[in-house]
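Everything below belongs to final.pdb, which stores PDB, C-alpha atoms, pLDDT in the B column.
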```pdb
MODEL        1
ATOM      1  CA  MET A   1     -17.051 -14.881 -62.109  1.00 96.00           C
ATOM      2  CA  LYS A   2     -17.949 -16.084 -58.654  1.00 97.00           C
ATOM      3  CA  ALA A   3     -16.309 -18.654 -56.437  1.00 97.00           C
ATOM      4  CA  ARG A   4     -18.013 -20.971 -54.012  1.00 96.00           C
ATOM      5  CA  ALA A   5     -16.848 -21.056 -50.390  1.00 95.00           C
ATOM      6  CA  VAL A   6     -17.031 -24.274 -48.395  1.00 95.00           C
ATOM      7  CA  LEU A   7     -17.065 -24.329 -44.622  1.00 91.00           C
ATOM      8  CA  ASP A   8     -15.531 -27.449 -43.125  1.00 94.00           C
ATOM      9  CA  TRP A   9     -15.644 -27.304 -39.334  1.00 95.00           C
ATOM     10  CA  HIS A  10     -14.170 -29.662 -36.791  1.00 97.00           C
ATOM     11  CA  LEU A  11     -13.465 -29.381 -33.101  1.00 97.00           C
ATOM     12  CA  TRP A  12     -10.602 -31.792 -32.491  1.00 97.00           C
ATOM     13  CA  THR A  13      -9.940 -32.931 -28.942  1.00 97.00           C
ATOM     14  CA  LYS A  14      -7.274 -35.219 -27.494  1.00 97.00           C
ATOM     15  CA  CYS A  15      -8.245 -37.288 -24.483  1.00 98.00           C
ATOM     16  CA  PRO A  16      -5.808 -36.542 -21.645  1.00 98.00           C
ATOM     17  CA  TYR A  17      -6.300 -40.082 -20.304  1.00 98.00           C
ATOM     18  CA  CYS A  18      -5.724 -42.331 -23.324  1.00 98.00           C
ATOM     19  CA  GLY A  19      -4.456 -39.884 -25.983  1.00 98.00           C
ATOM     20  CA  TYR A  20      -7.282 -40.646 -28.419  1.00 98.00           C
ATOM     21  CA  ASP A  21      -8.008 -37.834 -30.919  1.00 98.00           C
ATOM     22  CA  PHE A  22     -11.685 -37.272 -31.642  1.00 98.00           C
ATOM     23  CA  ASP A  23     -13.854 -34.645 -33.309  1.00 98.00           C
ATOM     24  CA  LEU A  24     -16.575 -33.102 -31.155  1.00 97.00           C
ATOM     25  CA  SER A  25     -18.419 -32.026 -34.311  1.00 97.00           C
ATOM     26  CA  ASP A  26     -19.346 -35.721 -34.687  1.00 97.00           C
ATOM     27  CA  PHE A  27     -21.326 -35.398 -31.434  1.00 95.00           C
ATOM     28  CA  ASP A  28     -23.127 -32.094 -32.113  1.00 96.00           C
ATOM     29  CA  GLU A  29     -26.720 -33.184 -32.691  1.00 90.00           C
ATOM     30  CA  GLU A  30     -28.152 -30.417 -30.494  1.00 93.00           C
ATOM     31  CA  GLY A  31     -25.635 -27.681 -31.360  1.00 96.00           C
ATOM     32  CA  GLN A  32     -23.818 -27.975 -28.041  1.00 95.00           C
ATOM     33  CA  TRP A  33     -20.487 -27.250 -29.760  1.00 97.00           C
ATOM     34  CA  SER A  34     -21.424 -25.410 -32.950  1.00 96.00           C
ATOM     35  CA  ARG A  35     -23.797 -22.844 -31.439  1.00 97.00           C
ATOM     36  CA  PRO A  36     -21.135 -21.156 -29.241  1.00 96.00           C
ATOM     37  CA  LEU A  37     -18.530 -21.351 -32.007  1.00 95.00           C
ATOM     38  CA  PHE A  38     -20.704 -19.785 -34.692  1.00 95.00           C
ATOM     39  CA  SER A  39     -22.073 -17.160 -32.269  1.00 96.00           C
ATOM     40  CA  ASN A  40     -18.566 -15.966 -31.387  1.00 95.00           C
ATOM     41  CA  LYS A  41     -18.965 -17.210 -27.795  1.00 95.00           C
ATOM     42  CA  TRP A  42     -16.013 -19.588 -27.777  1.00 94.00           C
ATOM     43  CA  ASP A  43     -15.296 -18.954 -24.108  1.00 95.00           C
ATOM     44  CA  ASP A  44     -18.667 -20.525 -23.258  1.00 96.00           C
ATOM     45  CA  LEU A  45     -17.052 -23.888 -24.047  1.00 97.00           C
ATOM     46  CA  ASN A  46     -14.333 -23.438 -21.425  1.00 97.00           C
ATOM     47  CA  GLY A  47     -15.087 -25.875 -18.627  1.00 97.00           C
ATOM     48  CA  ALA A  48     -17.476 -27.984 -20.703  1.00 97.00           C
ATOM     49  CA  GLU A  49     -17.190 -31.694 -20.015  1.00 97.00           C
ATOM     50  CA  VAL A  50     -16.471 -34.140 -22.825  1.00 97.00           C
ATOM     51  CA  GLU A  51     -16.525 -37.917 -22.716  1.00 97.00           C
ATOM     52  CA  CYS A  52     -13.909 -39.790 -24.694  1.00 98.00           C
ATOM     53  CA  PRO A  53     -15.537 -42.245 -27.119  1.00 98.00           C
ATOM     54  CA  SER A  54     -12.545 -44.567 -26.731  1.00 98.00           C
ATOM     55  CA  CYS A  55     -12.008 -44.902 -22.960  1.00 98.00           C
ATOM     56  CA  SER A  56     -15.219 -43.219 -21.644  1.00 98.00           C
ATOM     57  CA  GLU A  57     -13.260 -40.956 -19.286  1.00 98.00           C
ATOM     58  CA  VAL A  58     -14.648 -37.446 -18.798  1.00 98.00           C
ATOM     59  CA  SER A  59     -12.397 -34.421 -19.151  1.00 98.00           C
ATOM     60  CA  GLU A  60     -12.948 -30.676 -19.229  1.00 98.00           C
ATOM     61  CA  ILE A  61     -12.230 -28.274 -22.096  1.00 97.00           C
ATOM     62  CA  GLU A  62      -9.573 -25.838 -20.941  1.00 96.00           C
ATOM     63  CA  GLU A  63      -9.897 -23.544 -23.954  1.00 95.00           C
ATOM     64  CA  VAL A  64     -10.659 -23.619 -27.663  1.00 95.00           C
ATOM     65  CA  GLU A  65      -7.710 -22.690 -29.865  1.00 92.00           C
ATOM     66  CA  TYR A  66      -8.014 -21.494 -33.445  1.00 83.00           C
TER      67      TYR A  66
ENDMDL
END
```
Go ahead and express the file in the form of structure tokens.
Amino acid sequence: MKARAVLDWHLWTKCPYCGYDFDLSDFDEEGQWSRPLFSNKWDDLNGAEVECPSCSEVSEIEEVEY
């Protein structure tokens, strides 16, 4: 017998300004977030700027934890 595996990826971020939790995978139309993650280049995301969809403030990714 064989089992099916399901990949369910998210990249949760908390805005340091307003505390809003949001998922960067919702804003990945061009692979900006998924390409480095699935190429094992997670450190390439360090320093990337993200805009909070709630308060529109821009912050920087310090590191990606897993």
* Of the candidates A:Val64, A:Met1, A:Glu29, A:Leu11, which shows the shortest atom-to-atom distance to A:Lys41, using all atoms listed in the file? ->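 Looking at the shortest contact to A:Lys41, the residue is A:Val64.
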* To do: Return as a PyMOL selection string the set of residues that the PyMOL selection byres ((chain A and resi 46-49) around 9) yields on the displayed structure.
  => chain A and resi 42-45+50-51+58-64
Output of the above residues as an mmCIF file, in the coordinates of the input, restricted to C-alpha atoms:
```cif
data_model
loop_
_atom_site.group_PDB
_atom_site.id
_atom_site.type_symbol
_atom_site.label_atom_id
_atom_site.label_comp_id
_atom_site.auth_asym_id
_atom_site.auth_seq_id
_atom_site.Cartn_x
_atom_site.Cartn_y
_atom_site.Cartn_z
ATOM 1 C CA TRP A 42 -16.013 -19.588 -27.777
ATOM 2 C CA ASP A 43 -15.296 -18.954 -24.108
ATOM 3 C CA ASP A 44 -18.667 -20.525 -23.258
ATOM 4 C CA LEU A 45 -17.052 -23.888 -24.047
ATOM 5 C CA VAL A 50 -16.471 -34.140 -22.825
ATOM 6 C CA GLU A 51 -16.525 -37.917 -22.716
ATOM 7 C CA VAL A 58 -14.648 -37.446 -18.798
ATOM 8 C CA SER A 59 -12.397 -34.421 -19.151
ATOM 9 C CA GLU A 60 -12.948 -30.676 -19.229
ATOM 10 C CA ILE A 61 -12.230 -28.274 -22.096
ATOM 11 C CA GLU A 62 -9.573 -25.838 -20.941
ATOM 12 C CA GLU A 63 -9.897 -23.544 -23.954
ATOM 13 C CA VAL A 64 -10.659 -23.619 -27.663
#
```
* Using only C-alpha atoms: which of A:Phe22, A:Phe38, A:Tyr17, A:Trp12 has the shortest distance to A:Pro53 ->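 Of the candidates, the smallest distance to A:Pro53 is held by A:Phe22.
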* Output check: residues returned by the PyMOL selection byres ((chain A and resi 18) around 10), as a ChimeraX atom specification -> /A:14-17,19-21,52,54-57
* Asked: Which polymer residues have any atom within 12 Å of an atom of A:Asp8, counting all atoms listed in the file, with same-chain residues fewer than 2 positions away left out, as a ChimeraX atom specification?
  -> /A:5-6,10-11,25,34
* So how many Å separate atom CA of A:Trp9 and atom CA of A:Pro36, to one decimal? ->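 Here the two named atoms are 13.0 Å from each other.
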Some atoms are absent from stretch 37-48 of chain A, so rebuild all heavy atoms and return them as a PDB file, in the coordinates of the input.
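Generated output (part-v9.pdb):
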```pdb
ATOM      1  N   LEU A  37     -19.587 -21.678 -31.046  1.00 95.00           N
ATOM      2  CA  LEU A  37     -18.530 -21.351 -32.007  1.00 95.00           C
ATOM      3  C   LEU A  37     -19.011 -20.371 -33.068  1.00 95.00           C
ATOM      4  O   LEU A  37     -18.327 -19.408 -33.389  1.00 95.00           O
ATOM      5  CB  LEU A  37     -18.000 -22.621 -32.674  1.00 95.00           C
ATOM      6  CG  LEU A  37     -17.247 -23.581 -31.777  1.00 95.00           C
ATOM      7  CD1 LEU A  37     -16.877 -24.841 -32.547  1.00 95.00           C
ATOM      8  CD2 LEU A  37     -16.011 -22.936 -31.197  1.00 95.00           C
ATOM      9  N   PHE A  38     -20.200 -20.624 -33.605  1.00 95.00           N
ATOM     10  CA  PHE A  38     -20.704 -19.785 -34.692  1.00 95.00           C
ATOM     11  C   PHE A  38     -21.440 -18.549 -34.189  1.00 95.00           C
ATOM     12  O   PHE A  38     -21.915 -17.745 -34.990  1.00 95.00           O
ATOM     13  CB  PHE A  38     -21.572 -20.609 -35.643  1.00 95.00           C
ATOM     14  CG  PHE A  38     -20.762 -21.618 -36.417  1.00 95.00           C
ATOM     15  CD1 PHE A  38     -20.877 -22.970 -36.161  1.00 95.00           C
ATOM     16  CD2 PHE A  38     -19.866 -21.203 -37.380  1.00 95.00           C
ATOM     17  CE1 PHE A  38     -20.118 -23.898 -36.868  1.00 95.00           C
ATOM     18  CE2 PHE A  38     -19.098 -22.123 -38.091  1.00 95.00           C
ATOM     19  CZ  PHE A  38     -19.228 -23.474 -37.828  1.00 95.00           C
ATOM     20  N   SER A  39     -21.511 -18.371 -32.876  1.00 96.00           N
ATOM     21  CA  SER A  39     -22.073 -17.160 -32.269  1.00 96.00           C
ATOM     22  C   SER A  39     -20.977 -16.306 -31.646  1.00 96.00           C
ATOM     23  O   SER A  39     -21.272 -15.367 -30.903  1.00 96.00           O
ATOM     24  CB  SER A  39     -23.088 -17.525 -31.189  1.00 96.00           C
ATOM     25  OG  SER A  39     -24.144 -18.264 -31.723  1.00 96.00           O
ATOM     26  N   ASN A  40     -19.735 -16.669 -31.919  1.00 95.00           N
ATOM     27  CA  ASN A  40     -18.566 -15.966 -31.387  1.00 95.00           C
ATOM     28  C   ASN A  40     -18.565 -15.935 -29.853  1.00 95.00           C
ATOM     29  O   ASN A  40     -18.217 -14.937 -29.233  1.00 95.00           O
ATOM     30  CB  ASN A  40     -18.460 -14.549 -31.960  1.00 95.00           C
ATOM     31  CG  ASN A  40     -17.054 -14.003 -31.855  1.00 95.00           C
ATOM     32  OD1 ASN A  40     -16.088 -14.765 -31.819  1.00 95.00           O
ATOM     33  ND2 ASN A  40     -16.930 -12.700 -31.781  1.00 95.00           N
ATOM     34  N   LYS A  41     -18.968 -17.058 -29.253  1.00 95.00           N
ATOM     35  CA  LYS A  41     -18.965 -17.210 -27.795  1.00 95.00           C
ATOM     36  C   LYS A  41     -18.113 -18.414 -27.410  1.00 95.00           C
ATOM     37  O   LYS A  41     -18.522 -19.262 -26.625  1.00 95.00           O
ATOM     38  CB  LYS A  41     -20.393 -17.364 -27.281  1.00 95.00           C
ATOM     39  CG  LYS A  41     -21.239 -16.137 -27.534  1.00 95.00           C
ATOM     40  CD  LYS A  41     -22.636 -16.301 -27.007  1.00 95.00           C
ATOM     41  CE  LYS A  41     -23.422 -15.029 -27.267  1.00 95.00           C
ATOM     42  NZ  LYS A  41     -24.784 -15.117 -26.797  1.00 95.00           N
ATOM     43  N   TRP A  42     -16.913 -18.455 -27.968  1.00 94.00           N
ATOM     44  CA  TRP A  42     -16.013 -19.588 -27.777  1.00 94.00           C
ATOM     45  C   TRP A  42     -15.727 -19.840 -26.308  1.00 94.00           C
ATOM     46  O   TRP A  42     -15.599 -20.996 -25.884  1.00 94.00           O
ATOM     47  CB  TRP A  42     -14.706 -19.329 -28.512  1.00 94.00           C
ATOM     48  CG  TRP A  42     -14.833 -19.252 -29.989  1.00 94.00           C
ATOM     49  CD1 TRP A  42     -15.810 -18.598 -30.699  1.00 94.00           C
ATOM     50  CD2 TRP A  42     -13.988 -19.840 -30.953  1.00 94.00           C
ATOM     51  NE1 TRP A  42     -15.598 -18.738 -32.033  1.00 94.00           N
ATOM     52  CE2 TRP A  42     -14.479 -19.493 -32.219  1.00 94.00           C
ATOM     53  CE3 TRP A  42     -12.843 -20.600 -30.864  1.00 94.00           C
ATOM     54  CZ2 TRP A  42     -13.873 -19.911 -33.385  1.00 94.00           C
ATOM     55  CZ3 TRP A  42     -12.236 -21.009 -32.037  1.00 94.00           C
ATOM     56  CH2 TRP A  42     -12.751 -20.670 -33.286  1.00 94.00           C
ATOM     57  N   ASP A  43     -15.610 -18.787 -25.524  1.00 95.00           N
ATOM     58  CA  ASP A  43     -15.296 -18.954 -24.108  1.00 95.00           C
ATOM     59  C   ASP A  43     -16.384 -19.709 -23.355  1.00 95.00           C
ATOM     60  O   ASP A  43     -16.125 -20.251 -22.279  1.00 95.00           O
ATOM     61  CB  ASP A  43     -15.061 -17.596 -23.445  1.00 95.00           C
ATOM     62  CG  ASP A  43     -13.740 -16.960 -23.866  1.00 95.00           C
ATOM     63  OD1 ASP A  43     -12.858 -17.689 -24.372  1.00 95.00           O
ATOM     64  OD2 ASP A  43     -13.593 -15.745 -23.696  1.00 95.00           O
ATOM     65  N   ASP A  44     -17.595 -19.768 -23.899  1.00 96.00           N
ATOM     66  CA  ASP A  44     -18.667 -20.525 -23.258  1.00 96.00           C
ATOM     67  C   ASP A  44     -18.349 -22.020 -23.202  1.00 96.00           C
ATOM     68  O   ASP A  44     -18.950 -22.749 -22.410  1.00 96.00           O
ATOM     69  CB  ASP A  44     -19.997 -20.316 -23.982  1.00 96.00           C
ATOM     70  CG  ASP A  44     -20.587 -18.941 -23.761  1.00 96.00           C
ATOM     71  OD1 ASP A  44     -20.008 -18.145 -22.978  1.00 96.00           O
ATOM     72  OD2 ASP A  44     -21.627 -18.631 -24.367  1.00 96.00           O
ATOM     73  N   LEU A  45     -17.426 -22.472 -24.043  1.00 97.00           N
ATOM     74  CA  LEU A  45     -17.052 -23.888 -24.047  1.00 97.00           C
ATOM     75  C   LEU A  45     -15.994 -24.215 -23.006  1.00 97.00           C
ATOM     76  O   LEU A  45     -15.792 -25.386 -22.672  1.00 97.00           O
ATOM     77  CB  LEU A  45     -16.551 -24.298 -25.439  1.00 97.00           C
ATOM     78  CG  LEU A  45     -17.599 -24.241 -26.544  1.00 97.00           C
ATOM     79  CD1 LEU A  45     -16.978 -24.614 -27.881  1.00 97.00           C
ATOM     80  CD2 LEU A  45     -18.773 -25.149 -26.231  1.00 97.00           C
ATOM     81  N   ASN A  46     -15.323 -23.197 -22.473  1.00 97.00           N
ATOM     82  CA  ASN A  46     -14.333 -23.438 -21.425  1.00 97.00           C
ATOM     83  C   ASN A  46     -15.019 -24.058 -20.210  1.00 97.00           C
ATOM     84  O   ASN A  46     -16.023 -23.544 -19.726  1.00 97.00           O
ATOM     85  CB  ASN A  46     -13.628 -22.146 -21.025  1.00 97.00           C
ATOM     86  CG  ASN A  46     -12.810 -21.551 -22.149  1.00 97.00           C
ATOM     87  OD1 ASN A  46     -12.591 -22.185 -23.168  1.00 97.00           O
ATOM     88  ND2 ASN A  46     -12.377 -20.324 -21.966  1.00 97.00           N
ATOM     89  N   GLY A  47     -14.502 -25.179 -19.769  1.00 97.00           N
ATOM     90  CA  GLY A  47     -15.087 -25.875 -18.627  1.00 97.00           C
ATOM     91  C   GLY A  47     -16.121 -26.918 -19.000  1.00 97.00           C
ATOM     92  O   GLY A  47     -16.573 -27.672 -18.143  1.00 97.00           O
ATOM     93  N   ALA A  48     -16.494 -26.978 -20.282  1.00 97.00           N
ATOM     94  CA  ALA A  48     -17.476 -27.984 -20.703  1.00 97.00           C
ATOM     95  C   ALA A  48     -16.868 -29.380 -20.583  1.00 97.00           C
ATOM     96  O   ALA A  48     -15.680 -29.587 -20.857  1.00 97.00           O
ATOM     97  CB  ALA A  48     -17.913 -27.729 -22.141  1.00 97.00           C
TER      98      ALA A  48
END
```
